Amino acid sequence: MSKGDVGSRLAIGLAFGSSAAVMVLELVSLRLVAPYIGLTLETNTAVIGVALAAIATGSALGGRYADAVPPRKTLGPLILIGGALVMLILPVVRWTGESLRGGGTDLVFLVLAVALFAPASLLAAVTPMVTKLRLATLAETGTVVGRLSAYATVGGIAGTVLTGFVFVSKVPVSTILLSLGGLLVVAGAALTVVLRGTQAAVKPVALALIGATLTVVAPRPCEVETAYHCARVAADPARESGRTLYLDQLRHSYVDLNDPTHLEFDYIKNFAAAINGTWQDNRRLDALHIGGGGLTMPRYLSATRPGSHNKVYEIDGAVVELDKKELGVRTGPDLDVTVRDGRLGIRDEATDSDDVIIMDAFSGVSVPWHLTTRELVSDIRRVLRPDGIYLVNVIDFGSLAFAKAEIKTLQAEFAHVAAIARTDELAGQAGGNFVLVASDQPIDLAAITAELAPPMQIQDDLTEFVGDAPVLTDDYAPVDQLLTPYTS
């Protein structure tokens with residue numbers, strides 16, 4: 001094999017690997033920031049924007065400096081320092097996030113943006129530099145540039161696919177970043193030693209070791225890093241058998257290990273009130289749950305209505321395993337838990353097969369938009385029995401634009417829709433949890449009111465509250481823009 005062949009393969013490998021590394025960084029950064037600022041369309045867009053800005057900056061500056069400074073002098077240190085900075089991302093973001101937990105989301109994102117931009121820019125500069133090295137004559141400029149650009153693009157695709165389908169689902173974020181940083185440091189150090197000598201690699205390697213050490217000792221906001229959430233279970237100091245499941249930065253579920261009839265959160269109590277007010281004879285029910293969390297409602301129904309069948313669609317299998325490990329969940333005849341997207345699950349459910357369907361699915365502070373649309377609600381209506389009810393947990397603040405749009409969407413399919421919330425929330429003066437009740441049969445407001453704890457109330461005259469809110473459809477569902485998360 002000729003020296004030229006070796007150089008060509010090395011250039012392809014560097015272009016491929018550096019581009020793959022940038023895409024791994026981009027996707028992992030989304031997971032890294034979620035426990036502190038949530039994971040919304042805006043968050044995704046902003047992180048992607050930072051990564052693209054870094055690629056553009058690195059490509060431009062890499063090309064410029066390749067003409068000003070021999071790439072042989074800069075290529076190795078570029079990759080080496082980039083790897084060292086990758087190892088600093090996790091500790092910097094996590095220490096900032098933990099110190100500002102509950103607030104300062106803008107600062108947390110700013111820190112992430114800076115931490116991501118620096119190494120991504122350095123890595124993006126690799127391709128124009130190796131391109132410069134491979135340009136022997138003007139006659140082959142197009143071929144060299146085209147080939148290396150193509151391999152860099154393929155590297156980006158590989159990094160994206162492997163991270164999304166393999167890395168995040170198999171190993172923690174900290175391991176991904178340490179492994180990526182370590183690989184870059186080794187590759188960069190080897191190039192630096194070969195092209196410039198040992199002395200040039202000492203300081204960047206020292207920086208990498210500092211980053212690796214800080215990553216190991218950085219705060220861990222998760223007990224389990226799942227493919228979708230940062231999850232942990234915390235004991236309730238005020239109730240010995242009480243446990244709270246946290247998904248990202250939010251309290252998602254509360255479970256009493258010894259008493260499944262104990263309901264801690266107000267919206268869960270409102271779910272129970274709507275069910276008990278609709279069926280006051282404690283008869284068994286066929287219930288379908290979209291979103292499992294800590295499985296509070298399935299356990300409550302099994303305990304209070306013996307013989308009930310609960311089917312749960314929960315997209316995050318690691319959360320289900322955490323439920324079994326720490327929250328005492330046991331599947332069986334009364335509890336069927338399927339790891340699957342709720343929309344796909346609803347599609348396969350038989351017509352007129354359920355008495356009650358409960359929608360309580362969240363992704364951090366946002367709501368999966370495809371679980372909010374009229375098309376989904378139409379399918380829900382198909383699956384419900386004629387006297388069944390559909391219950392939806394909606395969290396909104398500020399102008400309540402999302403809550404209003406979801407009510408309008410339910411009204412487009414169901415003959416009767418009501419909302420359970422506090423008086424000030426129903427008056428549009430405050431935000432929080434709204435439990436929406438939809439049915440083809442008249443809703444027994446009096447019976448449900450008798451089950452509610454003050455200051456909760458149920459209201460079915462929602463025309464003034466909803467106003468001119470849009471109906472959400474698969475073609476138009478700007479959920480992240482409509483929703484106002486809790487910020488104080």
# chains A, B, ... in the order shown; residues from 1 in each chain; ligands from 1

$ closest_atom_pairs --of "stretch 123-210 of chain A" --to "stretch 229-235 of chain A" --cutoff "12 Å" --atoms "only C-alpha atoms" --output "tab-separated table"
residue	atom	partner	partner_atom	distance
A:Val168	CA	A:His229	CA	10.6
A:Ser169	CA	A:His229	CA	10.8
A:Pro172	CA	A:Cys230	CA	10.0
A:Val173	CA	A:Cys230	CA	10.1

$ select_by_dssp --residues "stretch 140-332 of chain A" --states "alpha helix (DSSP H)" --output "PyMOL selection string"
chain A and resi 141-162+168-170+173-196+202-217+266-278+296-304+317-326

$ closest_residue --among "A:Asp266, A:Glu26, A:Glu425, A:Glu42" --to "A:Leu112" --atoms "only C-alpha atoms"
A:Glu26

$ residues_around --residues "A:Val377" --least-positions-apart "4" --cutoff "8 Å" --atoms "only C-alpha atoms" --output "short mmCIF file (atom, residue, chain, number, x, y, z; two decimals) with N, CA, C and O atoms, in the first residue's frame"
data_model
loop_
_atom_site.label_atom_id
_atom_site.label_comp_id
_atom_site.auth_asym_id
_atom_site.auth_seq_id
_atom_site.Cartn_x
_atom_site.Cartn_y
_atom_site.Cartn_z
N THR A 372 -52.16 15.03 21.41
CA THR A 372 -53.06 16.14 21.72
C THR A 372 -54.06 16.44 20.60
O THR A 372 -54.97 17.23 20.80
N THR A 373 -53.91 15.84 19.44
CA THR A 373 -54.63 16.30 18.25
C THR A 373 -56.02 15.69 18.10
O THR A 373 -56.36 14.68 18.71
N ARG A 381 -62.21 8.28 21.04
CA ARG A 381 -63.68 8.18 21.06
C ARG A 381 -64.13 6.83 20.49
O ARG A 381 -65.09 6.22 20.98
N THR A 409 -60.20 21.21 21.16
CA THR A 409 -59.99 19.99 20.39
C THR A 409 -60.91 18.88 20.86
O THR A 409 -61.49 18.14 20.05
N LEU A 410 -61.06 18.73 22.17
CA LEU A 410 -61.99 17.72 22.71
C LEU A 410 -63.42 18.04 22.29
O LEU A 410 -64.20 17.15 21.93
N GLU A 413 -64.78 16.73 19.00
CA GLU A 413 -65.10 15.32 18.84
C GLU A 413 -66.16 14.81 19.81
O GLU A 413 -66.95 13.94 19.46
#

$ closest_residue --among "A:Leu285, A:Ala84, A:Val92, A:Val329" --to "A:Ile210" --atoms "only C-alpha atoms"
A:Ala84

$ select_by_dssp --residues "stretch 201-281 of chain A" --states "strand (DSSP E)" --output "CSV table (one decimal) with N, CA, C and O atoms, in the first residue's frame"
chain,number,residue,atom,x,y,z
A,224,VAL,N,-31.5,6.8,37.3
A,224,VAL,CA,-31.4,6.0,36.1
A,224,VAL,C,-31.5,7.0,34.9
A,224,VAL,O,-32.4,7.9,34.9
A,225,GLU,N,-30.6,6.9,34.0
A,225,GLU,CA,-30.7,7.7,32.7
A,225,GLU,C,-31.3,6.8,31.7
A,225,GLU,O,-30.8,5.8,31.2
A,230,CYS,N,-34.4,11.6,32.7
A,230,CYS,CA,-33.5,11.4,33.9
A,230,CYS,C,-34.4,11.1,35.0
A,230,CYS,O,-35.2,11.9,35.5
A,231,ALA,N,-34.4,9.8,35.5
A,231,ALA,CA,-35.3,9.3,36.5
A,231,ALA,C,-34.7,9.0,37.8
A,231,ALA,O,-33.6,8.5,37.9
A,232,ARG,N,-35.5,9.3,38.9
A,232,ARG,CA,-35.1,8.9,40.2
A,232,ARG,C,-36.3,8.8,41.1
A,232,ARG,O,-37.4,9.4,40.8
A,233,VAL,N,-36.2,8.0,42.2
A,233,VAL,CA,-37.2,7.8,43.2
A,233,VAL,C,-36.7,8.4,44.5
A,233,VAL,O,-35.6,8.0,44.9
A,234,ALA,N,-37.5,9.2,45.1
A,234,ALA,CA,-37.2,9.8,46.4
A,234,ALA,C,-38.2,9.4,47.5
A,234,ALA,O,-39.4,9.4,47.2
A,235,ALA,N,-37.7,9.1,48.7
A,235,ALA,CA,-38.5,8.8,49.8
A,235,ALA,C,-39.2,10.1,50.3
A,235,ALA,O,-38.6,11.2,50.3
A,242,GLY,N,-44.2,6.6,51.6
A,242,GLY,CA,-44.4,7.4,50.4
A,242,GLY,C,-43.1,7.5,49.5
A,242,GLY,O,-42.0,7.6,50.0
A,243,ARG,N,-43.4,7.4,48.2
A,243,ARG,CA,-42.3,7.6,47.3
A,243,ARG,C,-42.7,8.5,46.2
A,243,ARG,O,-43.8,8.4,45.7
A,244,THR,N,-41.8,9.3,45.7
A,244,THR,CA,-42.0,10.3,44.6
A,244,THR,C,-41.1,9.9,43.4
A,244,THR,O,-39.9,9.7,43.6
A,245,LEU,N,-41.7,9.7,42.3
A,245,LEU,CA,-40.9,9.5,41.1
A,245,LEU,C,-40.7,10.8,40.3
A,245,LEU,O,-41.6,11.5,40.0
A,246,TYR,N,-39.4,11.1,40.1
A,246,TYR,CA,-39.1,12.3,39.4
A,246,TYR,C,-38.6,11.9,38.0
A,246,TYR,O,-37.8,11.0,37.8
A,247,LEU,N,-39.2,12.6,37.0
A,247,LEU,CA,-38.7,12.4,35.6
A,247,LEU,C,-38.2,13.8,35.2
A,247,LEU,O,-38.9,14.8,35.1
A,250,LEU,N,-39.1,17.3,37.2
A,250,LEU,CA,-40.5,17.4,37.7
A,250,LEU,C,-40.9,16.2,38.6
A,250,LEU,O,-40.5,15.0,38.3
A,251,ARG,N,-41.7,16.4,39.6
A,251,ARG,CA,-42.4,15.4,40.3
A,251,ARG,C,-43.5,14.8,39.4
A,251,ARG,O,-44.4,15.4,39.1
A,252,HIS,N,-43.3,13.5,39.0
A,252,HIS,CA,-44.2,13.0,38.1
A,252,HIS,C,-45.3,12.1,38.7
A,252,HIS,O,-46.5,12.2,38.3
A,253,SER,N,-44.9,11.3,39.7
A,253,SER,CA,-45.9,10.5,40.4
A,253,SER,C,-45.6,10.3,41.8
A,253,SER,O,-44.4,10.4,42.2
A,254,TYR,N,-46.6,10.1,42.6
A,254,TYR,CA,-46.4,9.8,44.0
A,254,TYR,C,-47.1,8.5,44.3
A,254,TYR,O,-48.3,8.2,43.9
A,255,VAL,N,-46.4,7.6,45.1
A,255,VAL,CA,-47.0,6.3,45.4
A,255,VAL,C,-46.8,6.0,46.8
A,255,VAL,O,-45.7,6.2,47.4
A,256,ASP,N,-47.8,5.5,47.5
A,256,ASP,CA,-47.7,4.9,48.8
A,256,ASP,C,-47.5,3.4,48.7
A,256,ASP,O,-48.5,2.7,48.2

$ residues_around --residues "A:Leu482" --least-positions-apart "2" --cutoff "8 Å" --atoms "only C-alpha atoms" --output "PDB file with C-alpha atoms, in the first residue's frame"
ATOM      1  CA  LEU A 400     -53.347  29.066  29.247  1.00  0.00           C
ATOM      2  CA  ALA A 401     -53.288  28.926  25.461  1.00  0.00           C
ATOM      3  CA  PHE A 402     -52.516  25.223  25.333  1.00  0.00           C
ATOM      4  CA  PRO A 478     -47.867  24.103  17.913  1.00  0.00           C
ATOM      5  CA  VAL A 479     -48.017  22.657  21.420  1.00  0.00           C
ATOM      6  CA  ASP A 480     -44.620  23.895  22.590  1.00  0.00           C
ATOM      7  CA  THR A 484     -46.435  28.173  29.140  1.00  0.00           C
TER       8      THR A 484
END

$ closest_residue --among "A:Ser302, A:Asn310, A:Thr143, A:Ser59" --to "A:Ile290" --atoms "only C-alpha atoms"
A:Asn310

$ residues_around --residues "A:Leu445" --least-positions-apart "6" --cutoff "9 Å" --atoms "only C-alpha atoms" --output "PDB file with all heavy atoms, in the first residue's frame"
ATOM      1  N   ALA A 274     -63.579  12.138  39.137  1.00  0.00           N
ATOM      2  CA  ALA A 274     -64.330  12.020  37.883  1.00  0.00           C
ATOM      3  C   ALA A 274     -64.795  10.587  37.659  1.00  0.00           C
ATOM      4  O   ALA A 274     -65.933  10.346  37.219  1.00  0.00           O
ATOM      5  CB  ALA A 274     -63.455  12.483  36.717  1.00  0.00           C
ATOM      6  N   GLY A 277     -67.417   9.679  40.475  1.00  0.00           N
ATOM      7  CA  GLY A 277     -68.673  10.379  40.261  1.00  0.00           C
ATOM      8  C   GLY A 277     -69.444   9.846  39.070  1.00  0.00           C
ATOM      9  O   GLY A 277     -70.679   9.909  39.039  1.00  0.00           O
ATOM     10  N   THR A 278     -68.735   9.288  38.114  1.00  0.00           N
ATOM     11  CA  THR A 278     -69.394   8.727  36.930  1.00  0.00           C
ATOM     12  C   THR A 278     -69.939   7.332  37.209  1.00  0.00           C
ATOM     13  O   THR A 278     -71.044   6.985  36.766  1.00  0.00           O
ATOM     14  CB  THR A 278     -68.398   8.671  35.753  1.00  0.00           C
ATOM     15  OG1 THR A 278     -67.911   9.996  35.489  1.00  0.00           O
ATOM     16  CG2 THR A 278     -69.068   8.121  34.495  1.00  0.00           C
ATOM     17  N   ALA A 418     -65.963  18.880  30.060  1.00  0.00           N
ATOM     18  CA  ALA A 418     -65.899  19.682  31.287  1.00  0.00           C
ATOM     19  C   ALA A 418     -64.457  19.752  31.750  1.00  0.00           C
ATOM     20  O   ALA A 418     -63.600  18.959  31.315  1.00  0.00           O
ATOM     21  CB  ALA A 418     -66.778  19.075  32.380  1.00  0.00           C
ATOM     22  N   ILE A 458     -65.859  21.614  39.077  1.00  0.00           N
ATOM     23  CA  ILE A 458     -65.980  21.171  37.703  1.00  0.00           C
ATOM     24  C   ILE A 458     -66.900  22.125  36.956  1.00  0.00           C
ATOM     25  O   ILE A 458     -67.901  22.600  37.507  1.00  0.00           O
ATOM     26  CB  ILE A 458     -66.506  19.720  37.613  1.00  0.00           C
ATOM     27  CG1 ILE A 458     -66.524  19.247  36.149  1.00  0.00           C
ATOM     28  CG2 ILE A 458     -67.875  19.577  38.262  1.00  0.00           C
ATOM     29  CD1 ILE A 458     -66.764  17.758  36.007  1.00  0.00           C
ATOM     30  N   GLN A 459     -66.541  22.428  35.719  1.00  0.00           N
ATOM     31  CA  GLN A 459     -67.299  23.397  34.934  1.00  0.00           C
ATOM     32  C   GLN A 459     -67.426  22.887  33.500  1.00  0.00           C
ATOM     33  O   GLN A 459     -66.447  22.429  32.903  1.00  0.00           O
ATOM     34  CB  GLN A 459     -66.574  24.748  34.950  1.00  0.00           C
ATOM     35  CG  GLN A 459     -67.248  25.852  34.168  1.00  0.00           C
ATOM     36  CD  GLN A 459     -66.494  27.165  34.306  1.00  0.00           C
ATOM     37  OE1 GLN A 459     -66.059  27.532  35.408  1.00  0.00           O
ATOM     38  NE2 GLN A 459     -66.324  27.874  33.207  1.00  0.00           N
ATOM     39  N   ASP A 460     -68.661  22.928  32.976  1.00  0.00           N
ATOM     40  CA  ASP A 460     -68.854  22.469  31.596  1.00  0.00           C
ATOM     41  C   ASP A 460     -69.193  23.599  30.635  1.00  0.00           C
ATOM     42  O   ASP A 460     -69.192  23.400  29.412  1.00  0.00           O
ATOM     43  CB  ASP A 460     -69.920  21.378  31.529  1.00  0.00           C
ATOM     44  CG  ASP A 460     -71.296  21.871  31.934  1.00  0.00           C
ATOM     45  OD1 ASP A 460     -71.404  22.989  32.484  1.00  0.00           O
ATOM     46  OD2 ASP A 460     -72.274  21.141  31.692  1.00  0.00           O
TER      47      ASP A 460
END

$ atom_distance --atom1 "atom CA of A:Ala20" --atom2 "atom CA of A:Ala158"
6.2 Å
